[in-house]
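So this one's work_31.txt, compact mmCIF, C-alpha atoms:
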```txt
# COMPACT_ATOMS: atom_id res chain seq x y z
CA MET Z 23 112.86 114.13 93.97
CA LYS Z 24 115.25 111.31 94.89
CA ASN Z 25 112.80 108.76 93.46
CA ASN Z 26 112.49 110.78 90.26
CA ASN Z 27 116.24 110.68 89.78
CA LEU Z 28 116.34 106.95 90.37
CA SER Z 29 113.47 106.41 87.98
CA GLU Z 30 115.23 108.41 85.24
CA GLN Z 31 118.50 106.59 85.89
CA LEU Z 32 116.74 103.24 85.59
CA LYS Z 33 115.05 104.20 82.33
CA LYS Z 34 118.39 105.35 80.92
CA ILE Z 35 120.11 102.10 81.92
CA ILE Z 36 117.31 99.97 80.45
CA ILE Z 37 117.27 101.89 77.15
CA GLU Z 38 121.05 101.91 76.76
CA GLU Z 39 122.01 98.48 78.04
CA LEU Z 40 119.09 96.60 76.55
CA ASN Z 41 119.51 98.50 73.26
CA LEU Z 42 115.88 99.61 73.10
CA GLU Z 43 115.48 101.40 69.82
CA ASP Z 44 112.99 104.22 69.18
CA ILE Z 45 112.23 104.56 72.90
CA GLU Z 46 113.08 107.60 74.97
CA ALA Z 47 113.09 107.86 78.74
CA SER Z 48 110.35 110.47 78.59
CA GLY Z 49 108.13 107.99 76.74
CA ILE Z 50 108.21 105.44 79.57
CA ASN Z 51 105.58 105.83 82.27
CA ASP Z 52 106.72 104.76 85.72
CA ASP Z 53 103.72 102.46 86.14
CA ASP Z 54 103.85 100.81 82.70
CA PRO Z 55 104.50 97.05 82.81
CA LEU Z 56 108.09 96.20 81.89
CA PHE Z 57 107.29 92.76 80.48
CA GLY Z 58 104.66 91.43 78.12
CA ASP Z 59 102.88 92.88 75.13
CA GLU Z 60 101.81 96.05 76.89
CA GLY Z 61 104.18 98.68 78.21
CA LEU Z 62 107.88 98.28 77.47
CA GLY Z 63 107.55 94.80 75.97
CA LEU Z 64 110.66 93.25 77.52
CA ASP Z 65 110.95 89.44 77.48
CA SER Z 66 112.45 86.70 79.64
CA LEU Z 67 115.93 87.03 78.07
CA ASP Z 68 115.87 90.77 78.80
CA ALA Z 69 115.05 89.82 82.39
CA VAL Z 70 118.34 87.92 82.63
CA GLU Z 71 120.24 91.09 81.81
CA LEU Z 72 118.01 93.38 83.85
CA VAL Z 73 118.51 91.39 87.06
CA VAL Z 74 122.29 91.54 86.60
CA LEU Z 75 122.20 95.25 85.69
CA ILE Z 76 120.22 96.10 88.83
CA GLN Z 77 122.84 94.33 90.90
CA LYS Z 78 125.72 95.96 89.04
CA HIS Z 79 124.42 99.54 89.18
CA PHE Z 80 122.60 99.57 92.52
CA GLY Z 81 124.16 96.72 94.46
CA VAL Z 82 120.83 95.04 95.18
CA GLU Z 83 119.99 91.44 94.38
CA ILE Z 84 116.68 90.04 93.25
CA LYS Z 85 116.96 86.74 95.03
CA ASP Z 86 113.95 84.73 93.92
CA MET Z 87 110.84 84.60 91.78
CA GLU Z 88 108.59 86.16 94.42
CA GLU Z 89 110.88 89.17 94.77
CA GLY Z 90 111.25 89.30 91.00
CA LYS Z 91 107.49 89.33 90.40
CA VAL Z 92 107.08 92.35 92.64
CA ALA Z 93 110.27 94.22 91.72
CA LEU Z 94 110.11 93.78 87.96
CA ALA Z 95 106.50 94.84 87.49
CA SER Z 96 107.29 98.45 86.51
CA ILE Z 97 109.83 101.25 86.89
CA SER Z 98 108.13 102.47 90.07
CA SER Z 99 108.19 98.98 91.63
CA LEU Z 100 111.89 98.72 90.77
CA VAL Z 101 112.50 102.10 92.39
CA ASP Z 102 110.71 100.89 95.55
CA PHE Z 103 112.67 97.64 95.52
CA ILE Z 104 116.01 99.41 95.16
CA ASN Z 105 115.16 101.93 97.89
CA ASN Z 106 114.05 99.18 100.26
CA HIS Z 107 117.10 96.98 99.67
CA LYS Z 108 119.92 99.42 99.12
CA LYS Z 109 122.51 99.52 101.86
CA ASP Z 110 123.32 103.17 102.59
CA MET Q 13 105.82 59.41 52.24
CA THR Q 14 105.38 59.74 55.94
CA GLU Q 15 101.94 60.57 57.21
CA LYS Q 16 102.16 63.77 59.21
CA ILE Q 17 100.53 64.51 62.50
CA PRO Q 18 100.67 67.99 63.97
CA GLN Q 19 103.11 67.85 66.82
CA SER Q 20 105.10 70.88 67.83
CA SER Q 21 107.16 71.46 70.95
CA GLU Q 22 104.34 73.66 72.24
CA ASN Q 23 101.82 70.82 72.38
CA TRP Q 24 104.39 68.25 73.41
CA SER Q 25 103.69 66.94 76.91
CA SER Q 26 105.81 65.10 79.45
CA ARG Q 27 102.86 62.78 80.15
CA SER Q 28 103.59 59.13 79.49
CA VAL Q 29 101.62 57.31 76.77
CA GLY Q 30 101.25 54.35 79.14
CA ALA Q 31 98.45 53.97 81.67
CA ASN Q 32 99.05 54.10 85.41
CA TRP Q 33 98.56 50.31 85.78
CA GLN Q 34 101.12 49.67 83.05
CA HIS Q 35 103.68 51.71 84.92
CA ARG Q 36 102.84 49.90 88.15
CA PHE Q 37 103.16 46.58 86.37
CA PHE Q 38 106.71 47.43 85.32
CA TYR Q 39 107.56 48.69 88.82
CA PHE Q 40 106.30 45.34 90.11
CA LEU Q 41 108.50 43.46 87.62
CA ILE Q 42 111.52 45.51 88.63
CA ARG Q 43 110.90 44.75 92.30
CA LEU Q 44 110.47 41.08 91.40
CA GLY Q 45 113.61 40.58 89.38
CA GLY Q 46 115.15 43.85 88.28
CA ARG Q 47 116.10 44.65 84.72
CA ARG Q 48 116.33 40.99 83.64
CA ILE Q 49 112.61 40.46 84.29
CA ALA Q 50 111.39 43.88 83.17
CA TYR Q 51 113.26 44.23 79.86
CA PRO Q 52 111.74 41.16 78.10
CA PHE Q 53 108.24 42.54 78.72
CA LEU Q 54 109.18 45.71 76.86
CA TYR Q 55 109.47 43.98 73.50
CA PRO Q 56 105.79 42.95 73.11
CA VAL Q 57 104.62 46.26 74.58
CA VAL Q 58 106.71 48.27 72.11
CA LEU Q 59 105.59 46.00 69.29
CA TYR Q 60 101.97 46.66 70.27
CA TYR Q 61 102.51 50.43 70.10
CA LEU Q 62 104.38 50.09 66.82
CA ILE Q 63 101.61 48.11 65.13
CA PHE Q 64 98.39 49.30 66.77
CA ARG Q 65 99.26 52.87 67.68
CA PRO Q 66 100.47 54.45 64.43
CA ASP Q 67 100.15 57.88 66.03
CA GLN Q 68 102.94 56.90 68.44
CA ARG Q 69 105.06 55.31 65.72
CA LEU Q 70 104.76 58.42 63.56
CA LYS Q 71 106.09 60.58 66.36
CA SER Q 72 109.41 58.77 66.04
CA ARG Q 73 109.56 59.44 62.28
CA TYR Q 74 110.19 63.20 62.51
CA TYR Q 75 113.71 62.61 63.77
CA LEU Q 76 114.34 59.23 62.15
CA ASP Q 77 113.41 60.45 58.64
CA ARG Q 78 116.13 63.10 59.02
CA ARG Q 79 118.67 60.75 60.56
CA PHE Q 80 118.05 57.92 58.08
CA PRO Q 81 116.64 59.61 54.95
CA GLY Q 82 117.12 56.49 52.83
CA HIS Q 83 115.25 54.16 55.16
CA THR Q 84 111.71 53.22 54.11
CA GLY Q 85 109.40 50.26 54.67
CA PHE Q 86 110.78 47.58 56.96
CA ALA Q 87 114.05 49.46 57.60
CA ALA Q 88 112.07 52.51 58.79
CA LEU Q 89 109.85 50.32 60.97
CA LYS Q 90 112.94 48.71 62.47
CA ASP Q 91 114.40 52.16 63.25
CA SER Q 92 111.20 53.17 65.05
CA TYR Q 93 111.22 49.92 66.99
CA ARG Q 94 114.85 50.36 68.07
CA MET Q 95 114.29 53.97 69.09
CA ILE Q 96 111.17 53.21 71.12
CA ILE Q 97 112.84 50.18 72.74
CA SER Q 98 115.78 52.37 73.64
CA LEU Q 99 113.48 54.97 75.23
CA SER Q 100 111.53 52.26 77.07
CA GLN Q 101 114.74 50.75 78.45
CA SER Q 102 115.85 54.13 79.71
CA LEU Q 103 112.48 54.52 81.46
CA VAL Q 104 112.91 51.10 83.08
CA ASP Q 105 116.44 52.07 84.11
CA ARG Q 106 115.08 55.23 85.66
CA ALA Q 107 112.68 53.21 87.79
CA LEU Q 108 115.39 50.63 88.45
CA VAL Q 109 117.65 53.26 89.98
CA GLY Q 110 114.79 54.53 92.14
CA ILE Q 111 113.70 51.11 93.35
CA CYS Q 112 117.02 49.27 93.63
CA GLY Q 113 119.40 52.16 94.24
CA PRO Q 114 121.94 53.94 92.03
CA GLU Q 115 124.57 51.19 92.40
CA ILE Q 116 122.40 48.93 90.23
CA LEU Q 117 123.78 50.74 87.17
CA LYS Q 118 127.45 50.88 86.37
CA THR Q 119 127.96 54.50 85.46
CA GLU Q 120 131.28 55.85 84.20
CA PHE Q 121 132.00 59.56 84.19
CA PRO Q 122 135.40 59.95 82.52
CA ARG Q 123 135.64 63.74 82.94
CA GLY Q 124 133.68 63.81 86.19
CA ASP Q 125 136.46 65.56 88.13
CA GLU Q 126 136.36 68.48 85.72
CA LEU Q 127 132.66 68.95 86.31
CA PHE Q 128 133.02 68.62 90.10
CA ASN Q 129 135.82 71.22 90.06
CA LEU Q 130 133.81 73.61 87.92
CA ALA Q 131 130.87 73.37 90.31
CA ALA Q 132 133.06 73.69 93.38
CA ALA Q 133 134.71 76.86 92.02
CA GLY Q 134 131.55 78.77 92.99
CA ARG Q 135 131.31 80.81 89.77
CA GLY Q 136 127.98 79.21 88.98
CA LEU Q 137 127.71 76.41 86.44
CA ILE Q 138 125.21 75.79 83.67
CA ILE Q 139 124.78 72.17 82.67
CA LEU Q 140 123.26 71.97 79.24
CA THR Q 141 121.31 68.77 79.01
CA THR Q 142 119.58 67.13 76.06
CA HIS Q 143 116.84 64.53 75.61
CA VAL Q 144 119.45 61.82 75.28
CA GLY Q 145 120.01 58.51 77.09
CA CYS Q 146 118.88 58.32 80.70
CA TRP Q 147 119.07 61.42 82.81
CA GLN Q 148 118.55 59.50 86.01
CA ALA Q 149 122.02 58.01 85.61
CA ALA Q 150 123.48 61.52 85.52
CA MET Q 151 121.21 62.90 88.22
CA ILE Q 152 122.86 60.71 90.81
CA TYR Q 153 126.21 62.32 90.02
CA LEU Q 154 124.65 65.76 89.97
CA SER Q 155 123.29 65.19 93.48
CA LYS Q 156 126.90 64.70 94.62
CA LEU Q 157 128.08 68.10 93.35
CA LYS Q 158 129.17 70.29 96.22
CA ARG Q 159 126.72 73.05 95.27
CA PRO Q 160 122.92 73.16 95.20
CA VAL Q 161 121.53 72.02 91.86
CA HIS Q 162 118.52 73.68 90.24
CA MET Q 163 116.71 72.06 87.32
CA LEU Q 164 114.59 73.84 84.79
CA MET Q 165 111.99 71.15 84.39
CA GLN Q 166 108.37 70.96 83.41
CA GLN Q 167 106.25 68.18 84.82
CA ASP Q 168 102.76 68.17 83.42
CA GLU Q 169 99.74 67.63 85.60
CA GLY Q 170 98.76 63.98 85.53
CA ASP Q 171 102.28 62.82 84.60
CA ILE Q 172 102.51 59.38 86.16
CA ASP Q 173 106.13 58.71 85.26
CA ARG Q 174 108.12 58.84 88.47
CA HIS Q 175 111.54 60.33 88.99
CA TYR Q 176 114.06 58.01 90.61
CA PHE Q 177 113.84 59.65 94.04
CA GLU Q 178 110.03 59.39 94.06
CA HIS Q 179 110.12 55.57 94.13
CA LYS Q 180 111.45 55.54 97.68
CA GLY Q 181 109.44 58.56 98.73
CA GLU Q 182 112.66 60.54 99.07
CA LYS Q 183 112.83 64.29 98.95
CA ASN Q 184 113.82 65.70 95.58
CA PRO Q 185 117.57 66.43 95.92
CA PHE Q 186 117.23 69.19 93.33
CA HIS Q 187 115.36 72.46 93.30
CA ILE Q 188 112.94 72.51 90.39
CA ILE Q 189 112.44 75.72 88.44
CA ASP Q 190 109.24 75.78 86.43
CA PRO Q 191 109.81 77.01 82.86
CA THR Q 192 106.15 78.00 82.66
CA GLY Q 193 106.53 80.23 85.72
CA PHE Q 194 107.29 83.95 85.93
CA LEU Q 195 109.51 84.99 82.97
CA GLY Q 196 110.29 81.36 82.20
CA GLY Q 197 112.16 80.92 85.48
CA THR Q 198 114.95 83.25 84.32
CA VAL Q 199 114.97 85.36 87.50
CA GLU Q 200 115.43 82.24 89.63
CA MET Q 201 118.17 80.93 87.35
CA VAL Q 202 120.14 84.20 87.46
CA ALA Q 203 119.80 84.30 91.25
CA ALA Q 204 121.04 80.70 91.52
CA LEU Q 205 124.05 81.30 89.26
CA LYS Q 206 124.96 84.50 91.08
CA LYS Q 207 125.08 82.45 94.30
CA GLY Q 208 127.47 80.03 92.60
CA ASP Q 209 124.92 77.22 92.27
CA VAL Q 210 124.44 74.77 89.41
CA VAL Q 211 121.57 75.17 86.94
CA CYS Q 212 120.56 72.39 84.52
CA ILE Q 213 118.72 73.39 81.36
CA MET Q 214 117.58 71.30 78.40
CA GLY Q 215 119.12 72.75 75.27
CA ASP Q 216 117.20 70.96 72.54
CA ARG Q 217 113.54 71.74 73.07
CA LEU Q 218 111.98 75.14 72.60
CA LYS Q 219 109.15 75.94 74.96
CA GLY Q 220 107.69 79.40 75.28
CA ALA Q 221 108.62 82.53 73.34
CA GLN Q 222 109.73 81.75 69.77
CA GLU Q 223 111.74 84.98 69.59
CA ASN Q 224 114.05 83.70 72.35
CA SER Q 225 115.55 81.20 69.95
CA LEU Q 226 117.82 80.97 66.95
CA ALA Q 227 117.56 78.65 63.98
CA VAL Q 228 120.58 76.43 63.32
CA ASP Q 229 120.88 73.59 60.81
CA PHE Q 230 120.37 70.24 62.50
CA LEU Q 231 120.48 67.08 60.35
CA GLY Q 232 120.19 69.11 57.17
CA ALA Q 233 117.48 71.65 57.93
CA PRO Q 234 117.01 74.59 60.32
CA VAL Q 235 115.64 74.02 63.79
CA LYS Q 236 114.94 76.67 66.40
CA PHE Q 237 116.90 76.09 69.59
CA PRO Q 238 116.30 77.93 72.87
CA LEU Q 239 118.78 80.61 73.93
CA ALA Q 240 118.18 80.92 77.67
CA ALA Q 241 121.20 78.80 78.67
CA TRP Q 242 123.53 80.73 76.37
CA LYS Q 243 122.24 84.10 77.45
CA LEU Q 244 122.64 83.13 81.10
CA ALA Q 245 126.22 82.01 80.45
CA ALA Q 246 127.07 85.30 78.70
CA VAL Q 247 125.44 87.56 81.29
CA THR Q 248 126.50 85.80 84.50
CA GLY Q 249 129.93 84.55 83.35
CA ALA Q 250 129.11 81.02 84.50
CA PRO Q 251 130.75 78.27 82.38
CA LEU Q 252 128.45 76.03 80.39
CA ALA Q 253 129.03 72.27 80.30
CA ILE Q 254 127.38 70.04 77.68
CA LEU Q 255 126.57 66.66 79.19
CA PHE Q 256 125.23 63.49 77.52
CA PRO Q 257 124.36 60.42 79.64
CA LEU Q 258 124.54 57.49 77.23
CA LYS Q 259 123.54 53.87 77.65
CA THR Q 260 126.56 51.72 76.85
CA GLY Q 261 125.26 48.28 77.80
CA PRO Q 262 122.28 46.55 79.44
CA ASP Q 263 123.22 47.86 82.88
CA SER Q 264 125.85 50.48 82.12
CA TYR Q 265 125.97 54.15 81.30
CA ARG Q 266 128.67 56.64 80.48
CA ILE Q 267 128.26 60.35 81.14
CA ASP Q 268 130.06 62.31 78.44
CA LEU Q 269 131.18 65.80 79.28
CA ALA Q 270 131.23 66.78 75.62
CA GLU Q 271 132.31 70.43 75.92
CA ILE Q 272 132.91 73.21 78.39
CA ILE Q 273 132.12 76.58 76.86
CA GLU Q 274 132.80 80.02 78.35
CA LEU Q 275 131.02 83.06 76.95
CA ASP Q 276 131.87 86.72 77.32
CA ARG Q 277 129.54 89.48 78.55
CA LYS Q 278 129.72 91.10 75.12
CA ASP Q 279 128.17 87.96 73.59
CA ALA Q 280 124.88 88.65 75.36
CA ARG Q 281 123.57 91.11 72.81
CA PRO Q 282 122.52 91.05 70.00
CA LEU Q 283 121.26 87.48 70.15
CA GLN Q 284 123.03 86.62 66.88
CA ARG Q 285 126.33 86.72 68.81
CA LEU Q 286 125.20 83.56 70.58
CA LYS Q 287 124.86 81.68 67.31
CA PRO Q 288 128.46 80.36 67.01
CA TYR Q 289 128.12 78.77 70.46
CA LEU Q 290 124.75 77.30 69.58
CA ILE Q 291 126.27 75.85 66.40
CA ARG Q 292 129.00 74.18 68.49
CA TYR Q 293 126.31 72.52 70.61
CA VAL Q 294 124.25 71.42 67.61
CA GLN Q 295 127.33 70.00 65.88
CA THR Q 296 128.16 68.05 69.04
CA LEU Q 297 124.59 66.76 69.07
CA GLU Q 298 124.84 65.74 65.42
CA LYS Q 299 128.00 63.76 66.16
CA LEU Q 300 126.17 62.02 68.97
CA CYS Q 301 123.19 61.23 66.70
CA ALA Q 302 125.65 59.78 64.17
CA LYS Q 303 127.18 57.48 66.83
CA GLU Q 304 124.09 56.71 68.89
CA PRO Q 305 121.11 57.26 66.58
CA TYR Q 306 118.56 55.58 68.85
CA GLN Q 307 119.43 57.50 71.99
CA PHE Q 308 118.11 60.91 70.93
CA PHE Q 309 114.55 61.13 72.22
CA ASN Q 310 112.56 63.89 70.60
CA PHE Q 311 109.15 62.74 69.44
CA TYR Q 312 107.87 65.90 67.78
CA ASP Q 313 108.60 67.82 64.61
CA MET Q 314 111.55 70.01 65.56
CA TRP Q 315 111.89 71.13 61.94
CA GLU Q 316 108.35 72.35 61.47
CA GLN Q 317 108.65 75.48 63.55
CA ASN Q 318 107.90 78.92 62.26
CA LEU Q 319 111.31 80.06 61.06
CA GLU Q 320 110.35 83.59 60.05
```

Mind turning this structure into structure tokens?
Amino acid sequence: MKNNNLSEQLKKIIIEELNLEDIEASGINDDDPLFGDEGLGLDSLDAVELVVLIQKHFGVEIKDMEEGKVALASISSLVDFINNHKKD
Amino acid sequence: MTEKIPQSSENWSSRSVGANWQHRFFYFLIRLGGRRIAYPFLYPVVLYYLIFRPDQRLKSRYYLDRRFPGHTGFAALKDSYRMIISLSQSLVDRALVGICGPEILKTEFPRGDELFNLAAAGRGLIILTTHVGCWQAAMIYLSKLKRPVHMLMQQDEGDIDRHYFEHKGEKNPFHIIDPTGFLGGTVEMVAALKKGDVVCIMGDRLKGAQENSLAVDFLGAPVKFPLAAWKLAAVTGAPLAILFPLKTGPDSYRIDLAEIIELDRKDARPLQRLKPYLIRYVQTLEKLCAKEPYQFFNFYDMWEQNLE
């Protein structure tokens, strides 16, 4: 349940802050790729904002490329990353 | 009418046109007698490329035809010669610094303190670089900044041109971020800036996604310039410094801190909001090309990009 909330929150942040038009949270599957032609279709400039947004909203930092590759694969990988790195 | 050869930024390569033995020959000359011995050998080599390698000469024409639209025939040939000589000298200087040490070049940095203070402030700093002059002269200063320096830099496989630190087998003082890596290296660059580090990015050559660029008039016609540096500055709040390392004499350079630009978070989106800043950079570059026409080294057709 907690993960579902986080997933919905993330989708909302991505749609609002990255100004994604014609996309609704319900239309994003948790396992869809965030970047590239398939899935959400974000690009490298969106990544700049996304990394900063994750830090701003959840207080977790994506510190390098290796972490980024894993964390930014999909909504569910971002949820896992935030859960694993968040300081309670 | 200039003969055209297809040459976009996408198929541009950092690989040198010279063979490995030619590079070694020049390294040998530098070890033997420094710049004074190496420079005279450049003239016949450049002349050879100018006469017998028209493909190489034509690469210089994309920029020179825009910079000197009235020059044809011998005047155009002379422009190409001067530009290629200038590039060759900067390559010799690069090796010279590596082999003989940085003190071999007299490098002035009139606004150096400003850059050092910006870096030391720990807000992160983006240094916007351009294919101008000799970067090795500036790199020595950058290695003295009191923060780690990351460089977005592509080195193609088989590139035999050595960086200055490679001549003495020294460790690279900078962390290299590969622009062909995951998301163009953006995640690494954000992480570096958030730590307060320095990130150097070339501002004049578009590699990768065309949509991450904006077209701005440069020397009379639109050219697509990359936006990563500007987006990073807007999102992270790091100041952006435009730096040009220019050759001022046979053994002297001056590093010009042309502008320091601060962007606001609201400038990050839509991308069109970045355009006024990009125009400031391009206008600064145009002024430089007006003053130092043979020190801008882009040997591909910047103007022939898909502008749709």

I need every residue sitting at most 9 Å from the point (123.4, 77.7, 86.4) (coordinates as in the file, all atoms listed in the file considered), written as a ChimeraX atom specification. /Q:136-139,161-163,201-206,208-213,241,244-245,248,250-252

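Atom pair CA of Gly90 in chain Z / CA of Ile36 in chain Z has a distance of 16.2 Å (rounded to one decimal).
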
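For the pair CA of Tyr306 in chain Q and CA of Arg292 in chain Q, the separation is 21.3 Å.
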
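Proximity of Z:Phe103, Z:Met87, Z:Lys33, Z:Leu64 to Gly49 in chain Z, computed with all atoms listed in the file, is greatest for Z:Lys33.
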
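Atom to atom, CA of Tyr312 in chain Q and CA of Leu117 in chain Q stand 29.3 Å apart.
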
Contact residues (chain Q, partner chain Z, 12 Å, all atoms listed in the file) as a ChimeraX atom specification: /Q:189-207,220-225,238-249,277-283

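Of the listed residues (Z:Ile35, Z:Ile50, Z:Val101, Z:Leu42), Z:Val101 comes nearest to Val82 in chain Z; the distances count all atoms listed in the file.
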
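For the residues Q:Ala132, Q:Leu62, Q:Leu89, Q:Ala107, ranking by smallest atom-to-atom distance to His35 in chain Q using all atoms listed in the file places Q:Ala107 first.
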
Which protein, DNA or RNA residues have an atom at most 6 Å from (114.0, 79.4, 64.8), counting only C-alpha atoms? List them as a ChimeraX atom specification. /Q:225-227,235-236,319

Please identify all polymer residues within 9 Å of Leu154 in chain Q, counting all atoms listed in the file, omitting same-chain residues fewer than 4 positions from it, and present them as a list in words. Phe128, Ala150, Lys158, Val161 and Phe186 of chain Q

Please save C-alpha atoms of the selected residues as an mmCIF file, in the coordinates of the input.
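The result, written out as again-v7.cif:
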```cif
data_model
loop_
_atom_site.group_PDB
_atom_site.id
_atom_site.type_symbol
_atom_site.label_atom_id
_atom_site.label_comp_id
_atom_site.auth_asym_id
_atom_site.auth_seq_id
_atom_site.Cartn_x
_atom_site.Cartn_y
_atom_site.Cartn_z
ATOM 1 C CA PHE Q 128 133.020 68.620 90.100
ATOM 2 C CA ALA Q 150 123.480 61.520 85.520
ATOM 3 C CA LYS Q 158 129.170 70.290 96.220
ATOM 4 C CA VAL Q 161 121.530 72.020 91.860
ATOM 5 C CA PHE Q 186 117.230 69.190 93.330
#
```

For Tyr289 in chain Q, list every protein, DNA or RNA residue within 9 Å, evaluated using only C-alpha atoms, and leave out those in the same chain fewer than 3 positions away; present the list as a PDB file with C-alpha atoms, in the frame of the given file.
```pdb
ATOM      1  CA  TRP Q 242     123.530  80.730  76.370  1.00  0.00           C
ATOM      2  CA  ILE Q 273     132.120  76.580  76.860  1.00  0.00           C
ATOM      3  CA  LEU Q 275     131.020  83.060  76.950  1.00  0.00           C
ATOM      4  CA  ARG Q 285     126.330  86.720  68.810  1.00  0.00           C
ATOM      5  CA  LEU Q 286     125.200  83.560  70.580  1.00  0.00           C
ATOM      6  CA  ARG Q 292     129.000  74.180  68.490  1.00  0.00           C
ATOM      7  CA  TYR Q 293     126.310  72.520  70.610  1.00  0.00           C
ATOM      8  CA  VAL Q 294     124.250  71.420  67.610  1.00  0.00           C
TER       9      VAL Q 294
END
```

Taking into account only C-alpha atoms, which residue in the set Z:Asp54, Z:Asp59, Z:Phe80, Z:Asp44 is nearest to Ser98 in chain Z? Z:Asp54

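With only C-alpha atoms as the atoms that count, the minimum distance from Ile76 in chain Z to the choices Z:Leu62, Z:Val92, Z:Ile104, Z:Ile45 is reached by Z:Ile104.
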
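Remark: for Ala302 in chain Q, the closest of the candidate residues Q:Lys259, Q:Arg79, Q:Arg69, Q:Arg43 is Q:Arg79 (distances computed over only C-alpha atoms).
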
Could you name the residues that touch Ser48 in chain Z at 12 Å or less, counting all atoms listed in the file, but leaving out those on the same chain fewer than 2 positions away, as a ChimeraX atom specification? /Z:26,29-34,37,44-46,50-52
